[in-house]
Amino acid sequence: MESGLKSLKNCRSFAILGGTFDPIHYGHLTTGEEILRRCDIEKVIFIPSGNPPHKNDRVVTESQHRGEMTRLAMEGYENFVYSSLEIEREGKTYTIDTIKQLRAELGEDKKFYFVMGADAMLLIDTWKNSAELLKICSFIAVTRPGYDTSEFISFVDELKKRQECDIKIMEIPAVDISSSEIREYVSKGESIKGFVPENVEKYIIGNGLYK
Ligand code: ATP
Ligand code: MG
């Protein structure tokens, strides 16, 4: 197994949390904790994206750094697991390929939930092999407090008329921080204490990231 998932063979239910994680922060970690608290899921797998050349016109930090920060952030969280699966893969990564690889490595009989923002989920029809994806994987669509869920709920109702799928919606308590804000603080020499775990903060400073 190449993706850091050897220890998970005996588990039966997983949530997959993907992101650029440039850097990973307490917003991401809180989402993982809330999912463990409220769903019947044994492990949350954090998967940083491979190297997209650009995101919103900025150069994304090298995947080795983003991976290492994600790995460090897992410390102390018993049911969080880091996987380098997307970092190791060459070329563009699609969710369908990630889910297929996880199913192949961990067992086709296991339960997989892909976690994403409800607003991003509205665009699922544009994803590669979305019909197949909805068949082989369940979804947890997360929202922030105050998000109006009515559009999302009618979207899921329509989707369910077309095909069988399992989509839960879950409100995540607000953690008002983003990776972009963290990068900006670091570039200005301001503290990021409380936004990322201490070992991640040390890593950022020690490696001179975001300066
Ligand atoms: P950036 O500011 O660079 O866009 P980000 O903070 O949004 O970064 P990503 O790595 O892009 O972080 O996010 C991965 C996933 O986590 C996305 O689905 C995103 O919506 C979600 N997310 C980001 N910040 C938070 C937060 N504070 N609370 C809950 N979820 C979050
Ligand atoms: Mg974002």
# chains A, B, ... in the order shown; residues from 1 in each chain; ligands from 1
>>> residues_near_ligand(ligand="ligand 1", cutoff="8 Å", atoms="only C-alpha atoms and all ligand atoms", output="PyMOL selection string")
chain A and resi 17-28+30-31+48+55+115-117+120+142+144+172-181
>>> write_last_selection(atoms="N, CA, C and O atoms", output="compact mmCIF listing (two decimals), in the first residue's frame")
# COMPACT_ATOMS: atom_id res chain seq x y z
N LEU A 17 -11.69 13.61 3.75
CA LEU A 17 -11.68 15.07 3.74
C LEU A 17 -10.51 15.54 2.88
O LEU A 17 -9.35 15.34 3.23
N GLY A 18 -10.84 16.10 1.74
CA GLY A 18 -9.80 16.56 0.83
C GLY A 18 -9.67 18.07 0.88
O GLY A 18 -10.56 18.76 1.36
N GLY A 19 -8.53 18.55 0.43
CA GLY A 19 -8.36 20.01 0.39
C GLY A 19 -6.98 20.34 -0.11
O GLY A 19 -6.13 19.45 -0.28
N THR A 20 -6.75 21.62 -0.34
CA THR A 20 -5.40 22.03 -0.69
C THR A 20 -4.53 21.96 0.57
O THR A 20 -3.35 21.64 0.49
N PHE A 21 -5.13 22.29 1.71
CA PHE A 21 -4.44 22.26 3.00
C PHE A 21 -3.12 23.04 2.94
O PHE A 21 -2.05 22.52 3.25
N ASP A 22 -3.24 24.29 2.57
CA ASP A 22 -2.07 25.16 2.35
C ASP A 22 -2.15 26.39 3.25
O ASP A 22 -2.27 27.51 2.73
N PRO A 23 -2.06 26.28 4.58
CA PRO A 23 -1.87 25.04 5.35
C PRO A 23 -3.20 24.51 5.91
O PRO A 23 -4.22 25.19 5.86
N ILE A 24 -3.14 23.28 6.46
CA ILE A 24 -4.26 22.73 7.22
C ILE A 24 -4.46 23.59 8.47
O ILE A 24 -3.50 24.14 9.01
N HIS A 25 -5.72 23.75 8.92
CA HIS A 25 -5.99 24.59 10.10
C HIS A 25 -7.14 24.01 10.92
O HIS A 25 -7.72 22.98 10.54
N TYR A 26 -7.50 24.70 12.02
CA TYR A 26 -8.52 24.17 12.93
C TYR A 26 -9.91 24.12 12.30
O TYR A 26 -10.76 23.38 12.79
N GLY A 27 -10.16 24.88 11.25
CA GLY A 27 -11.45 24.74 10.55
C GLY A 27 -11.59 23.32 9.99
O GLY A 27 -12.60 22.64 10.17
N HIS A 28 -10.52 22.85 9.34
CA HIS A 28 -10.52 21.49 8.77
C HIS A 28 -10.62 20.44 9.89
O HIS A 28 -11.36 19.47 9.77
N THR A 30 -11.75 20.72 12.96
CA THR A 30 -13.06 20.75 13.63
C THR A 30 -14.10 20.00 12.80
O THR A 30 -14.96 19.29 13.33
N THR A 31 -14.04 20.16 11.49
CA THR A 31 -14.96 19.44 10.62
C THR A 31 -14.79 17.93 10.83
O THR A 31 -15.78 17.20 11.00
N PRO A 48 -4.50 15.68 1.23
CA PRO A 48 -4.15 16.91 0.52
C PRO A 48 -4.10 16.65 -0.99
O PRO A 48 -3.69 15.56 -1.42
N LYS A 55 -4.02 27.93 -7.96
CA LYS A 55 -5.37 27.97 -7.40
C LYS A 55 -5.67 29.43 -7.19
O LYS A 55 -4.91 30.13 -6.53
N VAL A 115 -16.54 14.06 2.05
CA VAL A 115 -17.01 15.27 2.71
C VAL A 115 -16.76 16.47 1.81
O VAL A 115 -15.64 16.64 1.30
N MET A 116 -17.77 17.30 1.62
CA MET A 116 -17.54 18.52 0.85
C MET A 116 -18.54 19.60 1.24
O MET A 116 -19.57 19.32 1.85
N GLY A 117 -18.25 20.81 0.88
CA GLY A 117 -19.16 21.92 1.14
C GLY A 117 -20.44 21.72 0.32
O GLY A 117 -20.39 21.27 -0.83
N ALA A 120 -20.37 23.43 -3.04
CA ALA A 120 -19.58 22.74 -4.07
C ALA A 120 -20.34 21.52 -4.58
O ALA A 120 -20.27 21.16 -5.77
N VAL A 142 -21.34 19.58 4.00
CA VAL A 142 -21.25 20.39 5.21
C VAL A 142 -21.61 21.85 4.92
O VAL A 142 -21.39 22.36 3.82
N ARG A 144 -22.05 25.93 6.90
CA ARG A 144 -21.75 26.80 8.04
C ARG A 144 -23.07 27.25 8.65
O ARG A 144 -24.07 27.33 7.95
N ILE A 172 -21.66 22.46 10.43
CA ILE A 172 -20.42 22.42 11.21
C ILE A 172 -20.31 23.73 11.99
O ILE A 172 -20.50 24.80 11.41
N PRO A 173 -19.99 23.65 13.27
CA PRO A 173 -19.84 24.90 14.03
C PRO A 173 -18.78 25.79 13.38
O PRO A 173 -17.80 25.29 12.85
N ALA A 174 -19.00 27.07 13.44
CA ALA A 174 -18.10 27.99 12.72
C ALA A 174 -16.72 28.06 13.37
O ALA A 174 -16.61 28.23 14.57
N VAL A 175 -15.70 27.91 12.57
CA VAL A 175 -14.34 28.25 12.98
C VAL A 175 -13.90 29.26 11.93
O VAL A 175 -13.71 28.93 10.77
N ASP A 176 -13.82 30.51 12.33
CA ASP A 176 -13.70 31.58 11.35
C ASP A 176 -12.24 31.79 10.95
O ASP A 176 -11.62 32.76 11.36
N ILE A 177 -11.74 30.87 10.15
CA ILE A 177 -10.35 30.99 9.68
C ILE A 177 -10.23 30.32 8.31
O ILE A 177 -10.97 29.40 8.00
N SER A 178 -9.34 30.80 7.48
CA SER A 178 -9.08 30.15 6.19
C SER A 178 -7.57 30.09 5.99
O SER A 178 -6.81 30.85 6.60
N SER A 179 -7.15 29.20 5.12
CA SER A 179 -5.72 29.10 4.80
C SER A 179 -5.20 30.42 4.24
O SER A 179 -4.07 30.83 4.55
N SER A 180 -6.01 31.08 3.42
CA SER A 180 -5.52 32.35 2.85
C SER A 180 -5.22 33.38 3.94
O SER A 180 -4.22 34.10 3.85
N GLU A 181 -6.10 33.44 4.94
CA GLU A 181 -5.82 34.40 6.03
C GLU A 181 -4.54 34.03 6.76
O GLU A 181 -3.75 34.90 7.11
>>> residues_around(residues="Leu36 (chain A)", least_positions_apart="6", cutoff="9 Å", atoms="only C-alpha atoms", output="list in words")
Ala15, Glu42, Lys43, Val44 and Asn79 of chain A
>>> residues_around(residues="Leu5 (chain A)", least_positions_apart="6", cutoff="10 Å", atoms="only C-alpha atoms", output="PyMOL selection string")
chain A and resi 45+81-85+102+105-106
>>> closest_residue(among="A:Phe139, A:Asp119, A:Tyr77, A:Gln101", to="ligand 2", atoms="only C-alpha atoms and all ligand atoms")
A:Asp119
>>> closest_residue(among="A:Ile192, A:Val186, A:Ala131, A:Leu122", to="Gly208 (chain A)", atoms="only C-alpha atoms")
A:Val186
>>> closest_residue(among="A:Val156, A:Ile169, A:Leu134, A:Ile182", to="ligand 2", atoms="only C-alpha atoms and all ligand atoms")
A:Ile182
>>> residues_around(residues="Asp166 (chain A)", least_positions_apart="5", cutoff="10 Å", atoms="only C-alpha atoms", output="number ranges by chain")
A: 113, 134-140, 156, 160
>>> write_last_selection(atoms="C-alpha atoms", output="PDB file, in the first residue's frame")
ATOM      1  CA  TYR A 113     -18.257   9.147   2.864  1.00  0.00           C
ATOM      2  CA  LEU A 134     -22.703   8.737  -6.434  1.00  0.00           C
ATOM      3  CA  LYS A 135     -23.170   4.989  -6.709  1.00  0.00           C
ATOM      4  CA  ILE A 136     -19.924   3.902  -5.062  1.00  0.00           C
ATOM      5  CA  CYS A 137     -19.646   6.560  -2.372  1.00  0.00           C
ATOM      6  CA  SER A 138     -21.842   8.378   0.139  1.00  0.00           C
ATOM      7  CA  PHE A 139     -21.565  12.111   0.758  1.00  0.00           C
ATOM      8  CA  ILE A 140     -21.601  14.438   3.718  1.00  0.00           C
ATOM      9  CA  VAL A 156     -30.824  16.451  -3.561  1.00  0.00           C
ATOM     10  CA  LYS A 160     -32.672  11.213  -6.029  1.00  0.00           C
TER      11      LYS A 160
END
>>> closest_residue(among="A:Glu68, A:Asp125, A:Glu164, A:Asp97", to="Lys202 (chain A)", atoms="only C-alpha atoms")
A:Glu68
>>> closest_residue(among="A:Asn56, A:Leu72, A:Tyr94, A:Lys161", to="ligand 2", atoms="only C-alpha atoms and all ligand atoms")
A:Asn56
>>> closest_residue(among="A:Lys100, A:Arg183, A:Lys110, A:Arg71", to="Val200 (chain A)", atoms="only C-alpha atoms")
A:Arg71
>>> select_by_dssp(residues="region 7-206 of chain A", states="alpha helix (DSSP H)", output="compact mmCIF listing (two decimals) with N, CA and C atoms, in the first residue's frame")
# COMPACT_ATOMS: atom_id res chain seq x y z
N TYR A 26 -7.50 24.70 12.02
CA TYR A 26 -8.52 24.17 12.93
C TYR A 26 -9.91 24.12 12.30
N GLY A 27 -10.16 24.88 11.25
CA GLY A 27 -11.45 24.74 10.55
C GLY A 27 -11.59 23.32 9.99
N HIS A 28 -10.52 22.85 9.34
CA HIS A 28 -10.52 21.49 8.77
C HIS A 28 -10.62 20.44 9.89
N LEU A 29 -9.84 20.64 10.94
CA LEU A 29 -9.79 19.64 12.02
C LEU A 29 -11.12 19.58 12.77
N THR A 30 -11.75 20.72 12.96
CA THR A 30 -13.06 20.75 13.63
C THR A 30 -14.10 20.00 12.80
N THR A 31 -14.04 20.16 11.49
CA THR A 31 -14.96 19.44 10.62
C THR A 31 -14.79 17.93 10.83
N GLY A 32 -13.56 17.47 10.87
CA GLY A 32 -13.29 16.05 11.10
C GLY A 32 -13.84 15.58 12.44
N GLU A 33 -13.63 16.37 13.48
CA GLU A 33 -14.10 15.99 14.81
C GLU A 33 -15.62 15.91 14.88
N GLU A 34 -16.26 16.88 14.25
CA GLU A 34 -17.73 16.94 14.27
C GLU A 34 -18.32 15.71 13.54
N ILE A 35 -17.66 15.30 12.48
CA ILE A 35 -18.12 14.13 11.73
C ILE A 35 -17.98 12.87 12.59
N LEU A 36 -16.86 12.74 13.29
CA LEU A 36 -16.69 11.57 14.16
C LEU A 36 -17.73 11.56 15.27
N ARG A 37 -18.04 12.75 15.78
CA ARG A 37 -18.99 12.86 16.88
C ARG A 37 -20.40 12.47 16.44
N ARG A 38 -20.75 12.86 15.24
CA ARG A 38 -22.16 12.76 14.85
C ARG A 38 -22.49 11.66 13.85
N SER A 63 3.69 20.14 -2.74
CA SER A 63 2.85 19.15 -2.05
C SER A 63 3.57 18.48 -0.88
N GLN A 64 4.90 18.37 -0.97
CA GLN A 64 5.63 17.73 0.15
C GLN A 64 5.41 18.50 1.45
N HIS A 65 5.42 19.83 1.36
CA HIS A 65 5.19 20.65 2.55
C HIS A 65 3.75 20.52 3.04
N ARG A 66 2.80 20.59 2.10
CA ARG A 66 1.39 20.51 2.50
C ARG A 66 1.09 19.15 3.12
N GLY A 67 1.72 18.11 2.55
CA GLY A 67 1.55 16.77 3.10
C GLY A 67 2.13 16.66 4.50
N GLU A 68 3.32 17.18 4.67
CA GLU A 68 3.99 17.09 5.97
C GLU A 68 3.19 17.86 7.04
N MET A 69 2.68 19.01 6.69
CA MET A 69 1.87 19.77 7.67
C MET A 69 0.60 19.00 8.02
N THR A 70 0.00 18.36 7.04
CA THR A 70 -1.22 17.58 7.30
C THR A 70 -0.88 16.40 8.20
N ARG A 71 0.22 15.73 7.91
CA ARG A 71 0.65 14.61 8.75
C ARG A 71 0.88 15.06 10.19
N LEU A 72 1.56 16.18 10.35
CA LEU A 72 1.82 16.70 11.70
C LEU A 72 0.52 17.04 12.43
N ALA A 73 -0.45 17.58 11.69
CA ALA A 73 -1.71 18.02 12.32
C ALA A 73 -2.51 16.84 12.89
N LEU A 85 -2.08 9.76 -0.81
CA LEU A 85 -2.58 9.15 -2.06
C LEU A 85 -2.63 10.12 -3.25
N GLU A 86 -3.16 11.32 -3.03
CA GLU A 86 -3.27 12.26 -4.18
C GLU A 86 -1.94 12.93 -4.49
N ILE A 87 -1.11 13.08 -3.46
CA ILE A 87 0.20 13.69 -3.67
C ILE A 87 1.08 12.76 -4.51
N GLU A 88 0.94 11.46 -4.25
CA GLU A 88 1.78 10.48 -4.96
C GLU A 88 1.35 10.33 -6.42
N THR A 95 -11.89 12.95 -7.97
CA THR A 95 -12.43 12.26 -6.80
C THR A 95 -12.76 10.80 -7.10
N ILE A 96 -13.32 10.57 -8.28
CA ILE A 96 -13.70 9.18 -8.62
C ILE A 96 -12.48 8.25 -8.53
N ASP A 97 -11.32 8.74 -8.99
CA ASP A 97 -10.12 7.89 -8.96
C ASP A 97 -9.65 7.67 -7.53
N THR A 98 -9.75 8.71 -6.71
CA THR A 98 -9.35 8.59 -5.30
C THR A 98 -10.25 7.57 -4.58
N ILE A 99 -11.55 7.68 -4.79
CA ILE A 99 -12.48 6.75 -4.12
C ILE A 99 -12.23 5.32 -4.60
N LYS A 100 -12.01 5.17 -5.90
CA LYS A 100 -11.75 3.81 -6.41
C LYS A 100 -10.49 3.23 -5.80
N GLN A 101 -9.46 4.06 -5.67
CA GLN A 101 -8.21 3.56 -5.08
C GLN A 101 -8.41 3.18 -3.61
N LEU A 102 -9.16 4.01 -2.88
CA LEU A 102 -9.42 3.70 -1.47
C LEU A 102 -10.22 2.40 -1.34
N ARG A 103 -11.20 2.24 -2.19
CA ARG A 103 -12.01 1.01 -2.15
C ARG A 103 -11.15 -0.21 -2.45
N ALA A 104 -10.27 -0.05 -3.43
CA ALA A 104 -9.39 -1.18 -3.79
C ALA A 104 -8.45 -1.52 -2.64
N GLU A 105 -7.93 -0.49 -1.96
CA GLU A 105 -6.95 -0.74 -0.90
C GLU A 105 -7.59 -1.19 0.41
N LEU A 106 -8.76 -0.63 0.71
CA LEU A 106 -9.35 -0.86 2.04
C LEU A 106 -10.50 -1.86 2.02
N ALA A 118 -21.60 22.05 0.90
CA ALA A 118 -22.87 21.89 0.20
C ALA A 118 -22.88 22.73 -1.09
N ASP A 119 -22.26 23.89 -1.04
CA ASP A 119 -22.25 24.75 -2.24
C ASP A 119 -21.45 24.10 -3.38
N ALA A 120 -20.37 23.43 -3.04
CA ALA A 120 -19.58 22.74 -4.07
C ALA A 120 -20.34 21.52 -4.58
N MET A 121 -21.08 20.90 -3.71
CA MET A 121 -21.84 19.69 -4.09
C MET A 121 -22.90 19.99 -5.14
N SER A 130 -19.71 11.44 -12.51
CA SER A 130 -20.45 11.74 -11.28
C SER A 130 -21.49 10.67 -10.94
N ALA A 131 -22.13 10.10 -11.97
CA ALA A 131 -23.16 9.09 -11.68
C ALA A 131 -22.53 7.88 -11.00
N GLU A 132 -21.39 7.47 -11.51
CA GLU A 132 -20.70 6.33 -10.90
C GLU A 132 -20.23 6.67 -9.49
N LEU A 133 -19.73 7.88 -9.34
CA LEU A 133 -19.25 8.33 -8.02
C LEU A 133 -20.38 8.26 -6.99
N LEU A 134 -21.56 8.74 -7.37
CA LEU A 134 -22.70 8.74 -6.43
C LEU A 134 -23.13 7.31 -6.08
N LYS A 135 -22.80 6.39 -6.95
CA LYS A 135 -23.17 4.99 -6.71
C LYS A 135 -22.20 4.33 -5.74
N ILE A 136 -20.92 4.65 -5.85
CA ILE A 136 -19.92 3.90 -5.06
C ILE A 136 -19.54 4.61 -3.76
N SER A 150 -32.28 25.42 1.75
CA SER A 150 -33.46 25.06 0.93
C SER A 150 -33.07 24.67 -0.51
N GLU A 151 -32.16 25.43 -1.12
CA GLU A 151 -31.75 25.11 -2.50
C GLU A 151 -31.09 23.73 -2.54
N PHE A 152 -30.25 23.49 -1.52
CA PHE A 152 -29.53 22.22 -1.49
C PHE A 152 -30.49 21.04 -1.33
N ILE A 153 -31.47 21.20 -0.47
CA ILE A 153 -32.42 20.11 -0.22
C ILE A 153 -33.23 19.80 -1.49
N SER A 154 -33.65 20.83 -2.23
CA SER A 154 -34.39 20.52 -3.46
C SER A 154 -33.48 19.93 -4.53
N PHE A 155 -32.22 20.35 -4.51
CA PHE A 155 -31.24 19.76 -5.43
C PHE A 155 -31.10 18.25 -5.17
N VAL A 156 -30.97 17.87 -3.91
CA VAL A 156 -30.82 16.45 -3.56
C VAL A 156 -32.11 15.69 -3.91
N ASP A 157 -33.28 16.30 -3.68
CA ASP A 157 -34.54 15.64 -4.04
C ASP A 157 -34.58 15.35 -5.54
N GLU A 158 -34.17 16.31 -6.35
CA GLU A 158 -34.15 16.12 -7.80
C GLU A 158 -33.17 15.01 -8.19
N LEU A 159 -32.00 15.07 -7.58
CA LEU A 159 -30.96 14.08 -7.86
C LEU A 159 -31.48 12.67 -7.56
N LYS A 160 -32.18 12.53 -6.46
CA LYS A 160 -32.67 11.21 -6.03
C LYS A 160 -33.75 10.67 -6.95
N LYS A 161 -34.41 11.57 -7.72
CA LYS A 161 -35.38 11.09 -8.71
C LYS A 161 -34.65 10.43 -9.86
N ARG A 162 -33.44 10.90 -10.13
CA ARG A 162 -32.66 10.37 -11.25
C ARG A 162 -31.89 9.12 -10.88
N SER A 179 -7.15 29.20 5.12
CA SER A 179 -5.72 29.10 4.80
C SER A 179 -5.20 30.42 4.24
N SER A 180 -6.01 31.08 3.42
CA SER A 180 -5.52 32.35 2.85
C SER A 180 -5.22 33.38 3.94
N GLU A 181 -6.10 33.44 4.94
CA GLU A 181 -5.82 34.40 6.03
C GLU A 181 -4.54 34.03 6.76
N ILE A 182 -4.34 32.74 6.98
CA ILE A 182 -3.13 32.29 7.68
C ILE A 182 -1.88 32.68 6.87
N ARG A 183 -1.93 32.45 5.57
CA ARG A 183 -0.77 32.82 4.72
C ARG A 183 -0.51 34.32 4.80
N GLU A 184 -1.60 35.07 4.81
CA GLU A 184 -1.43 36.53 4.87
C GLU A 184 -0.81 36.96 6.21
N TYR A 185 -1.30 36.37 7.30
CA TYR A 185 -0.73 36.71 8.61
C TYR A 185 0.77 36.40 8.64
N VAL A 186 1.13 35.20 8.15
CA VAL A 186 2.55 34.82 8.19
C VAL A 186 3.37 35.80 7.36
N SER A 187 2.84 36.17 6.19
CA SER A 187 3.62 37.05 5.31
C SER A 187 3.85 38.41 5.97
N GLU A 198 0.26 23.55 17.11
CA GLU A 198 1.57 24.14 17.39
C GLU A 198 2.67 23.56 16.49
N ASN A 199 2.62 22.24 16.26
CA ASN A 199 3.68 21.64 15.44
C ASN A 199 3.61 22.13 13.98
N VAL A 200 2.40 22.45 13.53
CA VAL A 200 2.24 22.99 12.17
C VAL A 200 2.81 24.42 12.12
N GLU A 201 2.51 25.17 13.16
CA GLU A 201 3.05 26.53 13.24
C GLU A 201 4.59 26.50 13.20
N LYS A 202 5.17 25.59 13.99
CA LYS A 202 6.64 25.46 14.01
C LYS A 202 7.17 25.09 12.64
N TYR A 203 6.47 24.20 11.96
CA TYR A 203 6.89 23.75 10.64
C TYR A 203 6.89 24.92 9.65
N ILE A 204 5.82 25.71 9.70
CA ILE A 204 5.69 26.85 8.79
C ILE A 204 6.86 27.82 9.00
N ILE A 205 7.11 28.12 10.26
CA ILE A 205 8.17 29.08 10.57
C ILE A 205 9.54 28.49 10.26
N GLY A 206 9.74 27.23 10.68
CA GLY A 206 11.03 26.56 10.47
C GLY A 206 11.39 26.43 8.99
>>> atom_distance(atom1="CA of Phe14 (chain A)", atom2="CA of Glu108 (chain A)")
12.2 Å
>>> atom_distance(atom1="CA of Phe112 (chain A)", atom2="CA of Asn10 (chain A)")
13.9 Å
>>> select_by_dssp(residues="region 8-207 of chain A", states="strand (DSSP E)", output="ChimeraX atom specification")
/A:13-19,43-48,54-55,58-59,80-82,111-117,138-143,167-171
>>> write_last_selection(atoms="C-alpha atoms", output="PDB file, in the first residue's frame")
ATOM      1  CA  SER A  13     -16.343   3.179   7.767  1.00  0.00           C
ATOM      2  CA  PHE A  14     -14.398   6.203   6.599  1.00  0.00           C
ATOM      3  CA  ALA A  15     -14.902   9.883   5.919  1.00  0.00           C
ATOM      4  CA  ILE A  16     -12.616  11.451   3.341  1.00  0.00           C
ATOM      5  CA  LEU A  17     -11.675  15.072   3.743  1.00  0.00           C
ATOM      6  CA  GLY A  18      -9.801  16.560   0.830  1.00  0.00           C
ATOM      7  CA  GLY A  19      -8.359  20.006   0.386  1.00  0.00           C
ATOM      8  CA  LYS A  43     -11.702   7.114  10.750  1.00  0.00           C
ATOM      9  CA  VAL A  44     -11.365  10.435   8.968  1.00  0.00           C
ATOM     10  CA  ILE A  45      -8.807  10.352   6.164  1.00  0.00           C
ATOM     11  CA  PHE A  46      -7.237  13.721   5.313  1.00  0.00           C
ATOM     12  CA  ILE A  47      -6.023  13.826   1.722  1.00  0.00           C
ATOM     13  CA  PRO A  48      -4.146  16.910   0.515  1.00  0.00           C
ATOM     14  CA  HIS A  54      -2.432  27.329  -9.633  1.00  0.00           C
ATOM     15  CA  LYS A  55      -5.372  27.966  -7.395  1.00  0.00           C
ATOM     16  CA  ARG A  58      -1.520  31.869  -6.908  1.00  0.00           C
ATOM     17  CA  VAL A  59       1.147  29.190  -6.805  1.00  0.00           C
ATOM     18  CA  PHE A  80      -7.558  11.034  12.028  1.00  0.00           C
ATOM     19  CA  VAL A  81      -5.320   9.583   9.334  1.00  0.00           C
ATOM     20  CA  TYR A  82      -3.159  11.298   6.762  1.00  0.00           C
ATOM     21  CA  LYS A 111     -18.438   2.425   3.724  1.00  0.00           C
ATOM     22  CA  PHE A 112     -16.932   5.632   2.312  1.00  0.00           C
ATOM     23  CA  TYR A 113     -18.257   9.147   2.864  1.00  0.00           C
ATOM     24  CA  PHE A 114     -16.791  11.961   0.848  1.00  0.00           C
ATOM     25  CA  VAL A 115     -17.012  15.268   2.705  1.00  0.00           C
ATOM     26  CA  MET A 116     -17.541  18.519   0.852  1.00  0.00           C
ATOM     27  CA  GLY A 117     -19.163  21.916   1.139  1.00  0.00           C
ATOM     28  CA  SER A 138     -21.842   8.378   0.139  1.00  0.00           C
ATOM     29  CA  PHE A 139     -21.565  12.111   0.758  1.00  0.00           C
ATOM     30  CA  ILE A 140     -21.601  14.438   3.718  1.00  0.00           C
ATOM     31  CA  ALA A 141     -22.381  17.952   2.555  1.00  0.00           C
ATOM     32  CA  VAL A 142     -21.250  20.394   5.209  1.00  0.00           C
ATOM     33  CA  THR A 143     -22.579  23.892   5.789  1.00  0.00           C
ATOM     34  CA  ILE A 167     -26.203  12.385   0.791  1.00  0.00           C
ATOM     35  CA  LYS A 168     -26.335  13.708   4.326  1.00  0.00           C
ATOM     36  CA  ILE A 169     -26.246  17.367   5.168  1.00  0.00           C
ATOM     37  CA  MET A 170     -24.455  18.505   8.301  1.00  0.00           C
ATOM     38  CA  GLU A 171     -23.933  21.910   9.869  1.00  0.00           C
TER      39      GLU A 171
END
>>> atom_distance(atom1="CA of Val196 (chain A)", atom2="atom 1 (Mg, counted along the ligand's line) of ligand 2")
15.5 Å
>>> decode(residues="region 188-201 of chain A", atoms="N, CA, C and O atoms", output="compact mmCIF listing (two decimals), in the first residue's frame")
# COMPACT_ATOMS: atom_id res chain seq x y z
N LYS A 188 2.93 38.79 6.86
CA LYS A 188 3.10 40.08 7.56
C LYS A 188 3.85 39.92 8.87
O LYS A 188 3.97 40.88 9.63
N GLY A 189 4.26 38.68 9.17
CA GLY A 189 4.99 38.44 10.41
C GLY A 189 4.09 38.41 11.64
O GLY A 189 4.55 38.51 12.77
N GLU A 190 2.76 38.25 11.42
CA GLU A 190 1.83 38.18 12.56
C GLU A 190 1.68 36.74 13.07
O GLU A 190 1.91 35.79 12.33
N SER A 191 1.24 36.62 14.31
CA SER A 191 1.11 35.29 14.93
C SER A 191 -0.07 34.51 14.34
O SER A 191 -1.10 35.08 13.98
N ILE A 192 0.09 33.20 14.23
CA ILE A 192 -1.01 32.33 13.80
C ILE A 192 -1.37 31.34 14.91
O ILE A 192 -1.98 30.31 14.66
N LYS A 193 -0.96 31.64 16.10
CA LYS A 193 -1.28 30.79 17.26
C LYS A 193 -2.78 30.63 17.37
O LYS A 193 -3.52 31.59 17.23
N GLY A 194 -3.22 29.41 17.63
CA GLY A 194 -4.65 29.18 17.79
C GLY A 194 -5.36 28.87 16.48
O GLY A 194 -6.49 28.40 16.49
N PHE A 195 -4.72 29.13 15.36
CA PHE A 195 -5.35 28.83 14.07
C PHE A 195 -4.90 27.48 13.53
O PHE A 195 -5.61 26.82 12.77
N VAL A 196 -3.69 27.08 13.88
CA VAL A 196 -3.14 25.78 13.45
C VAL A 196 -2.51 25.12 14.68
O VAL A 196 -2.13 25.81 15.62
N PRO A 197 -2.40 23.78 14.68
CA PRO A 197 -1.71 23.13 15.80
C PRO A 197 -0.27 23.66 15.91
O PRO A 197 0.32 24.10 14.92
N GLU A 198 0.26 23.55 17.11
CA GLU A 198 1.57 24.14 17.39
C GLU A 198 2.67 23.56 16.49
O GLU A 198 3.54 24.29 16.01
N ASN A 199 2.62 22.24 16.26
CA ASN A 199 3.68 21.64 15.44
C ASN A 199 3.61 22.13 13.98
O ASN A 199 4.62 22.26 13.30
N VAL A 200 2.40 22.45 13.53
CA VAL A 200 2.24 22.99 12.17
C VAL A 200 2.81 24.42 12.12
O VAL A 200 3.51 24.80 11.18
N GLU A 201 2.51 25.17 13.16
CA GLU A 201 3.05 26.53 13.24
C GLU A 201 4.59 26.50 13.20
O GLU A 201 5.23 27.25 12.45
